[in-house]
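So the structure is just underneath, and the comments pick up after that.
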Amino acid sequence: MTALSEAKIPVLDRGFIFGDGVYEVIPIYGRRMFRAKQHMARLFRSLDAIAIPNPHELDAWMRLIAQVVDAHPAEDQMVYLQVTRGVAKRGHAFPKEVKPTVFIMTNPLVLPSAEVRERGIACVSMDDKRWLHCEIKSVSLLGNVLAAQYAAESGATETIQFRDGFLTEGSSSNVWIAKNGVLAGPPKDNLILEGIRYGLIEELCAQCGIELQARRIAREEVFAADEVMLTSATKEIVPVSSLDGKPIGNGAPGPIYRTLHEAYQAAKAAA
C-alpha cells in the first residue's frame with residue numbers, strides 16, 4: 001500500500017504515452033462494494049476488447065480492492081482501478097511480452113446533495129465527437145473531458161451528447177428520458193458506455209412497474225420529455241431540470257425520477 005502522493009509509474013507506460021488502458025469505478029457503501037460483479041465483468045470485457053491480458057482472477061481482484069478499501073477511513077468510498085498494457089519502448093503496435101500495469105486507489109464518495117436532487121441540474125447539449133467504441137471503458141477520455149469542460153464553461157453540471165441527431169450519453173453518465181409514464185434510454189451498442197446503473201435501472205423499472213424502452217431517441221424527444229435523468233456511479237440517479245437553458249417538463253424532478261431514486265436507495269440498503 002502506497003500513499004497517493006508517493007505513487008509512481010514509468011514514463012514509458014503505455015497508459016501514459018498512448019492512453020492504452022481501461023478502468024473501472026466502483027462505489028462503496030458502508031465498506032461494501034455495490035454491484036462489484038457487474039463492474040468487474042465490464043472491466044474484463046474492456047480488457048478483452050483491447051487484448052490486454054487480465055492480470056488477475058476475479059478473487060484476486062476482489063482481495064486487492066478490499067485491501068485498499070480497508071486502508072481508507074471513509075465508510076463510503078469511490079474505488080478507481082486502472083489497467084494499462086504496461087511499460088515498453090514507444091511504438092504504436094502492441095509490444096510483445098509486456099506486463100500490464102495495475103493501479104487501484106480510493107477516495108471518499110461524494111454524492112449529489114438533497115438540495116441538488118430536489119432542484120435538479122442544468123445541462124447543455126453538443127454533438128458527440130468521440131470515437132466509435134464508446135462501449136470500451138478506455139482511459140482515452142479526451143472527448144469526454146472536452147464535453148465536461150463545455151458544461152463547466154457553460155455553468156452547467158453535465159453535457160448531453162447527440163450523434164447524427166440521436167441521444168447517446170453524457171460526458172460521464174447515461175441519459176434517460178420519461179414521457180407519458182414510459183422511461184427510455186439509448187440502446188446498448190458501441191455508441192454508449194453501458195453503465196452498471198443501466199442494468200440496475202432495468203431491474204428497478206421491473207420492480208416498480210415502469211415500462212422501459214431501449215431505442216434510438218431523437219434530439220427533439222429529449223427536449224420535449226416530461227423528465228430527463230442521469231445515472232452514474234457517483235451521481236447515482238439525478239434529475240435534469242433544464243437543457244440549453246430550456247426547462248425539462250415543468251422544470252422540477254418528476255414522479256418517475258422520485259420512484260427510481262427511492263428504489264435505488266432501497267437497493268443500496270439491501271446490497
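Residue numbering restarts at 1 in every chain; chains get A, B, ... in the order shown in the C-alpha cells, and ligands count up from 1 in that same order.
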For Val240 in chain A, list every protein, DNA or RNA residue within 10 Å, evaluated using only C-alpha atoms, and leave out those in the same chain fewer than 6 positions away; present the list as a PyMOL selection string. chain A and resi 116-117+119-123+157-158+175-177+227-230+247-249+251-254+257
Residues of range 79-137 of chain A within 10 Å of range 42-47 of chain A: nearest atom pair and distance (Å, one decimal) for each, counting only C-alpha atoms, sorted by chain and number, as a tab-separated table?
```
residue	atom	partner	partner_atom	distance
A:Leu81	CA	A:Leu43	CA	9.3
A:Gln82	CA	A:Leu43	CA	9.1
A:Val83	CA	A:Leu47	CA	8.1
A:Thr84	CA	A:Leu47	CA	9.1
A:Arg85	CA	A:Leu47	CA	9.4
A:Glu135	CA	A:Ser46	CA	8.1
A:Ile136	CA	A:Ser46	CA	5.1
A:Lys137	CA	A:Ser46	CA	6.1
```
Name the closest residue to Asn144 in chain A among the candidates A:Gln77, A:Ser232, A:Ser171, A:Ser125; distances are taken between atoms, counting only C-alpha atoms. A:Ser171
Please give the complete set of residues from range 59-245 of chain A that DSSP, run on the backbone, assigns to strand (DSSP E or B), formatted as JSON, numbers by chain. {"A": [77, 78, 79, 80, 81, 82, 83, 84, 87, 101, 102, 103, 104, 105, 106, 107, 108, 121, 122, 123, 124, 125, 126, 127, 138, 158, 159, 160, 161, 162, 163, 166, 167, 168, 169, 170, 174, 175, 176, 177, 178, 179, 182, 183, 184, 185, 211, 212, 213, 214, 218, 227, 228, 229, 230, 231, 232, 236, 237, 238, 239, 240, 241, 242, 243]}
Enumerate as a count of residues only all residues of range 80-157 of chain A assigned to alpha helix (DSSP H) by DSSP on the backbone, naming them with the chain letters and numbers the document uses. 18
